[in-house]
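Written out below as structure tokens is the structure these notes cover.
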Amino acid sequence: MDTIVRVWDAITGNCIAQLTGHTALVCQLQLSTSTSLLATGGSDGRAITFSLRSFSALQRLAAHDSSITSLQFDNFLITGGNDGRVRVFVTQSGAWVRDLSERCKSVWKVLYKKGVCAVMCKRAGKTVREIWTFKPKER
């Protein structure tokens, strides 16, 4: 593992691009084939989104104070970190939306789909699962 994400041609086996921007190990990847975007999370606390068409960095976010332990995205980029925070950003602009929940000891996993975010983290010595929705409340 290192600070560079390499993109390989599956047919030829050749490296066709090197995606840079992290200053420490890249430890998380999330691919969106529908938008041709790749999101990376690093031990440097940065989240970077890349275009897989141009292989250029679109957004570079100082998302966490330590390693990003999990990430997921579509319209929103959700990051979980070893600093105990779950953060929400707009994928296209990189604008910070909000932090979810109170800080926990560390975040292990975030899953986001269709306006619902599931978080697994350590709080008060126990594994806690939290469910957050981004949908308006029904009347």
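Chain labels run A, B, ... following the order of the structure tokens; each chain numbers its residues from 1, and ligands are numbered from 1 in the order shown.
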Exercise for the section: Using only C-alpha atoms, determine which residues lie at most 10 Å from region 40-46 of chain A, disregarding the query and same-chain residues fewer than 6 positions distant; provide the list as number ranges by chain. Expected result: A: 2-3, 5, 19, 21-31, 60-72, 79-83
Writing out the chosen residues with N, CA, C and O atoms as a CSV table (one decimal), in the first residue's frame:
```csv
chain,number,residue,atom,x,y,z
A,2,ASP,N,0.4,2.3,-0.7
A,2,ASP,CA,1.1,3.5,-0.7
A,2,ASP,C,0.2,4.7,-0.9
A,2,ASP,O,-1.0,4.5,-0.7
A,3,THR,N,0.7,5.8,-1.3
A,3,THR,CA,-0.1,7.0,-1.4
A,3,THR,C,-0.7,7.2,-2.8
A,3,THR,O,-1.4,8.2,-3.0
A,5,VAL,N,-3.0,5.7,-6.1
A,5,VAL,CA,-3.9,4.8,-6.6
A,5,VAL,C,-3.6,4.6,-8.1
A,5,VAL,O,-3.6,5.5,-8.9
A,19,LEU,N,-3.3,8.1,-9.7
A,19,LEU,CA,-4.1,9.1,-9.1
A,19,LEU,C,-3.4,9.5,-7.8
A,19,LEU,O,-3.1,8.7,-6.9
A,21,GLY,N,-2.5,12.6,-4.6
A,21,GLY,CA,-3.0,13.6,-3.8
A,21,GLY,C,-3.0,13.3,-2.3
A,21,GLY,O,-3.1,14.2,-1.4
A,22,HIS,N,-2.9,12.0,-2.0
A,22,HIS,CA,-2.8,11.6,-0.5
A,22,HIS,C,-1.3,11.8,-0.1
A,22,HIS,O,-0.4,11.5,-0.9
A,23,THR,N,-1.1,12.1,1.2
A,23,THR,CA,0.2,12.2,1.8
A,23,THR,C,0.5,11.0,2.7
A,23,THR,O,1.6,11.0,3.2
A,24,ALA,N,-0.4,10.1,2.8
A,24,ALA,CA,-0.2,8.9,3.6
A,24,ALA,C,-1.0,7.8,2.9
A,24,ALA,O,-1.6,8.0,1.9
A,25,LEU,N,-0.9,6.6,3.5
A,25,LEU,CA,-1.5,5.4,2.8
A,25,LEU,C,-3.0,5.6,2.4
A,25,LEU,O,-3.8,6.2,3.2
A,26,VAL,N,-3.3,5.2,1.2
A,26,VAL,CA,-4.7,5.1,0.8
A,26,VAL,C,-5.3,3.8,1.3
A,26,VAL,O,-4.8,2.8,1.0
A,27,CYS,N,-6.3,4.0,2.1
A,27,CYS,CA,-6.9,2.8,2.8
A,27,CYS,C,-8.4,2.5,2.4
A,27,CYS,O,-8.9,1.5,2.8
A,28,GLN,N,-9.0,3.4,1.7
A,28,GLN,CA,-10.4,3.2,1.3
A,28,GLN,C,-10.6,3.6,-0.1
A,28,GLN,O,-10.1,4.6,-0.6
A,29,LEU,N,-11.4,2.8,-0.8
A,29,LEU,CA,-11.8,3.1,-2.2
A,29,LEU,C,-13.3,2.9,-2.4
A,29,LEU,O,-13.9,1.9,-1.8
A,30,GLN,N,-14.0,3.7,-3.1
A,30,GLN,CA,-15.4,3.5,-3.5
A,30,GLN,C,-15.6,4.0,-4.9
A,30,GLN,O,-15.2,5.1,-5.3
A,31,LEU,N,-16.1,3.1,-5.7
A,31,LEU,CA,-16.3,3.3,-7.1
A,31,LEU,C,-17.8,3.5,-7.5
A,31,LEU,O,-18.7,2.8,-7.0
A,60,ARG,N,-10.8,17.7,-3.1
A,60,ARG,CA,-9.8,17.2,-2.1
A,60,ARG,C,-10.3,17.8,-0.8
A,60,ARG,O,-10.3,19.0,-0.6
A,61,LEU,N,-10.7,16.9,0.1
A,61,LEU,CA,-11.3,17.3,1.3
A,61,LEU,C,-10.5,16.9,2.5
A,61,LEU,O,-10.1,15.8,2.6
A,62,ALA,N,-10.2,17.9,3.4
A,62,ALA,CA,-9.6,17.5,4.7
A,62,ALA,C,-10.8,17.1,5.6
A,62,ALA,O,-11.3,17.9,6.4
A,63,ALA,N,-11.1,15.8,5.5
A,63,ALA,CA,-12.4,15.3,6.1
A,63,ALA,C,-12.2,14.9,7.6
A,63,ALA,O,-13.1,15.1,8.3
A,64,HIS,N,-11.0,14.4,8.0
A,64,HIS,CA,-10.9,13.9,9.3
A,64,HIS,C,-9.5,14.3,9.9
A,64,HIS,O,-8.6,14.6,9.1
A,65,ASP,N,-9.4,14.2,11.2
A,65,ASP,CA,-8.1,14.5,11.9
A,65,ASP,C,-7.2,13.3,11.9
A,65,ASP,O,-6.0,13.4,12.3
A,66,SER,N,-7.7,12.1,11.5
A,66,SER,CA,-6.8,10.9,11.4
A,66,SER,C,-7.4,10.1,10.3
A,66,SER,O,-8.2,10.5,9.5
A,67,SER,N,-7.0,8.8,10.2
A,67,SER,CA,-7.4,7.9,9.1
A,67,SER,C,-8.9,7.9,8.8
A,67,SER,O,-9.7,7.8,9.7
A,68,ILE,N,-9.2,7.8,7.5
A,68,ILE,CA,-10.6,7.5,7.1
A,68,ILE,C,-10.7,6.0,7.1
A,68,ILE,O,-9.9,5.3,6.5
A,69,THR,N,-11.7,5.6,7.8
A,69,THR,CA,-11.9,4.1,8.0
A,69,THR,C,-13.0,3.6,7.1
A,69,THR,O,-13.1,2.3,6.9
A,70,SER,N,-13.8,4.4,6.5
A,70,SER,CA,-14.9,4.0,5.7
A,70,SER,C,-15.4,5.1,4.9
A,70,SER,O,-15.4,6.3,5.4
A,71,LEU,N,-15.9,4.9,3.7
A,71,LEU,CA,-16.6,5.9,2.9
A,71,LEU,C,-17.6,5.3,1.9
A,71,LEU,O,-17.4,4.1,1.6
A,72,GLN,N,-18.5,6.1,1.6
A,72,GLN,CA,-19.6,5.7,0.6
A,72,GLN,C,-20.1,6.9,0.0
A,72,GLN,O,-20.2,8.0,0.6
A,79,THR,N,-18.2,10.0,5.1
A,79,THR,CA,-16.9,9.5,5.5
A,79,THR,C,-16.9,9.2,7.0
A,79,THR,O,-17.6,9.9,7.8
A,80,GLY,N,-16.3,8.1,7.4
A,80,GLY,CA,-16.2,7.7,8.8
A,80,GLY,C,-14.7,7.7,9.1
A,80,GLY,O,-13.9,7.3,8.2
A,81,GLY,N,-14.3,8.2,10.3
A,81,GLY,CA,-12.9,8.3,10.6
A,81,GLY,C,-12.5,7.7,11.9
A,81,GLY,O,-13.3,7.5,12.8
A,82,ASN,N,-11.2,7.5,12.0
A,82,ASN,CA,-10.6,7.0,13.3
A,82,ASN,C,-10.8,8.1,14.4
A,82,ASN,O,-10.6,7.8,15.6
A,83,ASP,N,-11.1,9.3,14.0
A,83,ASP,CA,-11.3,10.4,15.0
A,83,ASP,C,-12.7,10.3,15.6
A,83,ASP,O,-13.1,11.2,16.4
```
Exercise for the section: Run DSSP on the backbone and give me the residues of region 36-96 of chain A it puts in strand (DSSP E or B), as a PyMOL selection string. Expected result: chain A and resi 37-42+46-51+57-62+68-73+76-81+86-90+96
Could you please take those selected residues and save N, CA and C atoms as a CSV table (one decimal), in the first residue's frame?
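Generated file (part_36.csv):
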```
chain,number,residue,atom,x,y,z
A,37,LEU,N,-16.9,8.0,-11.2
A,37,LEU,CA,-16.2,8.7,-10.1
A,37,LEU,C,-15.5,7.6,-9.2
A,38,LEU,N,-14.4,8.0,-8.7
A,38,LEU,CA,-13.8,7.1,-7.7
A,38,LEU,C,-13.5,8.0,-6.5
A,39,ALA,N,-13.9,7.6,-5.3
A,39,ALA,CA,-13.6,8.3,-4.0
A,39,ALA,C,-12.6,7.5,-3.3
A,40,THR,N,-11.5,8.2,-2.7
A,40,THR,CA,-10.5,7.5,-2.0
A,40,THR,C,-10.4,8.2,-0.6
A,41,GLY,N,-10.1,7.4,0.4
A,41,GLY,CA,-9.9,7.9,1.7
A,41,GLY,C,-8.5,7.4,2.2
A,42,GLY,N,-7.8,8.3,2.9
A,42,GLY,CA,-6.4,8.0,3.3
A,42,GLY,C,-6.2,8.1,4.8
A,46,ARG,N,-7.7,12.7,4.5
A,46,ARG,CA,-8.2,13.3,3.2
A,46,ARG,C,-9.2,12.3,2.5
A,47,ALA,N,-10.2,12.9,1.9
A,47,ALA,CA,-11.1,12.2,1.0
A,47,ALA,C,-10.9,12.9,-0.3
A,48,ILE,N,-10.6,12.2,-1.4
A,48,ILE,CA,-10.4,12.8,-2.7
A,48,ILE,C,-11.4,12.0,-3.7
A,49,THR,N,-12.1,12.8,-4.5
A,49,THR,CA,-12.9,12.2,-5.6
A,49,THR,C,-12.1,12.5,-6.9
A,50,PHE,N,-12.1,11.4,-7.7
A,50,PHE,CA,-11.4,11.5,-9.0
A,50,PHE,C,-12.4,11.2,-10.2
A,51,SER,N,-12.2,11.8,-11.3
A,51,SER,CA,-12.9,11.5,-12.5
A,51,SER,C,-12.2,10.3,-13.1
A,57,ALA,N,-8.2,14.8,-10.2
A,57,ALA,CA,-8.9,15.0,-8.9
A,57,ALA,C,-9.9,16.1,-9.0
A,58,LEU,N,-11.1,15.8,-8.6
A,58,LEU,CA,-12.2,16.8,-8.6
A,58,LEU,C,-12.4,17.6,-7.3
A,59,GLN,N,-12.3,16.8,-6.2
A,59,GLN,CA,-12.5,17.4,-4.9
A,59,GLN,C,-11.4,16.8,-4.0
A,60,ARG,N,-10.8,17.7,-3.1
A,60,ARG,CA,-9.8,17.2,-2.1
A,60,ARG,C,-10.3,17.8,-0.8
A,61,LEU,N,-10.7,16.9,0.1
A,61,LEU,CA,-11.3,17.3,1.3
A,61,LEU,C,-10.5,16.9,2.5
A,62,ALA,N,-10.2,17.9,3.4
A,62,ALA,CA,-9.6,17.5,4.7
A,62,ALA,C,-10.8,17.1,5.6
A,68,ILE,N,-9.2,7.8,7.5
A,68,ILE,CA,-10.6,7.5,7.1
A,68,ILE,C,-10.7,6.0,7.1
A,69,THR,N,-11.7,5.6,7.8
A,69,THR,CA,-11.9,4.1,8.0
A,69,THR,C,-13.0,3.6,7.1
A,70,SER,N,-13.8,4.4,6.5
A,70,SER,CA,-14.9,4.0,5.7
A,70,SER,C,-15.4,5.1,4.9
A,71,LEU,N,-15.9,4.9,3.7
A,71,LEU,CA,-16.6,5.9,2.9
A,71,LEU,C,-17.6,5.3,1.9
A,72,GLN,N,-18.5,6.1,1.6
A,72,GLN,CA,-19.6,5.7,0.6
A,72,GLN,C,-20.1,6.9,0.0
A,73,PHE,N,-20.6,6.8,-1.3
A,73,PHE,CA,-21.1,8.0,-1.9
A,73,PHE,C,-22.1,7.7,-3.0
A,76,PHE,N,-24.2,12.3,-2.0
A,76,PHE,CA,-23.4,12.7,-0.8
A,76,PHE,C,-22.3,11.8,-0.7
A,77,LEU,N,-21.2,12.3,-0.2
A,77,LEU,CA,-20.0,11.5,0.2
A,77,LEU,C,-20.0,11.5,1.7
A,78,ILE,N,-20.1,10.3,2.3
A,78,ILE,CA,-20.2,10.0,3.7
A,78,ILE,C,-18.9,9.4,4.1
A,79,THR,N,-18.2,10.0,5.1
A,79,THR,CA,-16.9,9.5,5.5
A,79,THR,C,-16.9,9.2,7.0
A,80,GLY,N,-16.3,8.1,7.4
A,80,GLY,CA,-16.2,7.7,8.8
A,80,GLY,C,-14.7,7.7,9.1
A,81,GLY,N,-14.3,8.2,10.3
A,81,GLY,CA,-12.9,8.3,10.6
A,81,GLY,C,-12.5,7.7,11.9
A,86,VAL,N,-18.5,11.0,11.8
A,86,VAL,CA,-19.1,10.7,10.5
A,86,VAL,C,-19.5,12.0,9.9
A,87,ARG,N,-18.9,12.2,8.7
A,87,ARG,CA,-19.1,13.5,8.0
A,87,ARG,C,-19.8,13.4,6.7
A,88,VAL,N,-20.6,14.4,6.3
A,88,VAL,CA,-21.4,14.4,5.1
A,88,VAL,C,-20.9,15.6,4.2
A,89,PHE,N,-20.6,15.3,3.0
A,89,PHE,CA,-20.2,16.3,2.0
A,89,PHE,C,-21.1,16.1,0.7
A,90,VAL,N,-21.3,17.2,0.0
A,90,VAL,CA,-21.9,17.1,-1.3
A,90,VAL,C,-20.9,16.6,-2.3
A,96,TRP,N,-19.2,20.8,2.7
A,96,TRP,CA,-19.5,20.1,4.0
A,96,TRP,C,-21.0,20.4,4.3
```
Practice task
Would you mind reading off the distance between CA of Asp99 (chain A) and CA of Trp132 (chain A), one decimal, in Å?
Solution key: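 Taking CA of Asp99 (chain A) and CA of Trp132 (chain A), their separation equals 11.4 Å.
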Problem - Distance in Å - CA of Ser101 (chain A) versus CA of Thr127 (chain A) - result: 14.7 Å
Exercise for the section: One decimal, Å: what's the distance from CA of Cys15 (chain A) over to CA of Thr35 (chain A), could you say? Expected result: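 A separation of 21.6 Å between them.
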Fill in the blank from the handout: One residue among A:Arg85, A:Thr133, A:Ile11, A:Ser54 is nearest to Trp108 (chain A) when using only C-alpha atoms, and that residue is A:Arg85
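Closest approach to Lys114 (chain A) among A:Ala10, A:Thr91, A:Phe134, A:Thr20: A:Phe134, based on only C-alpha atoms.
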Practice task
Please identify all polymer residues within 12 Å of Trp8 (chain A), counting only C-alpha atoms, omitting same-chain residues fewer than 5 positions from it, and present them as a PyMOL selection string.
Solution key: chain A and resi 13-19+52+55
Since we have the selection now, will you write its residues out, keeping C-alpha atoms, as a compact mmCIF listing (two decimals), in the first residue's frame?
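As written to disk, part_39.txt reads:
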```txt
# COMPACT_ATOMS: atom_id res chain seq x y z
CA GLY A 13 -2.46 -5.36 -17.78
CA ASN A 14 -0.87 -1.94 -18.30
CA CYS A 15 -1.07 0.89 -15.78
CA ILE A 16 -3.05 3.65 -17.53
CA ALA A 17 -3.14 6.28 -14.76
CA GLN A 18 -1.73 7.17 -11.36
CA LEU A 19 -4.07 9.11 -9.08
CA LEU A 52 -12.29 8.13 -14.16
CA PHE A 55 -8.13 10.74 -14.21
```
Fill in the blank from the handout: If you count only C-alpha atoms, the residue of A:Arg6, A:Ser56, A:Asn75, A:Val128 closest to Val97 (chain A) turns out to be A:Asn75
Fill in the blank from the handout: Using only C-alpha atoms, the best pick from A:Ile4, A:Ser34, A:Glu130, A:Gly94 as closest to Ala118 (chain A) would be A:Glu130
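Nearest residue to Arg123 (chain A) among A:Gly84, A:Gln92, A:Asp9, A:Val110 is A:Gly84, counting only C-alpha atoms.
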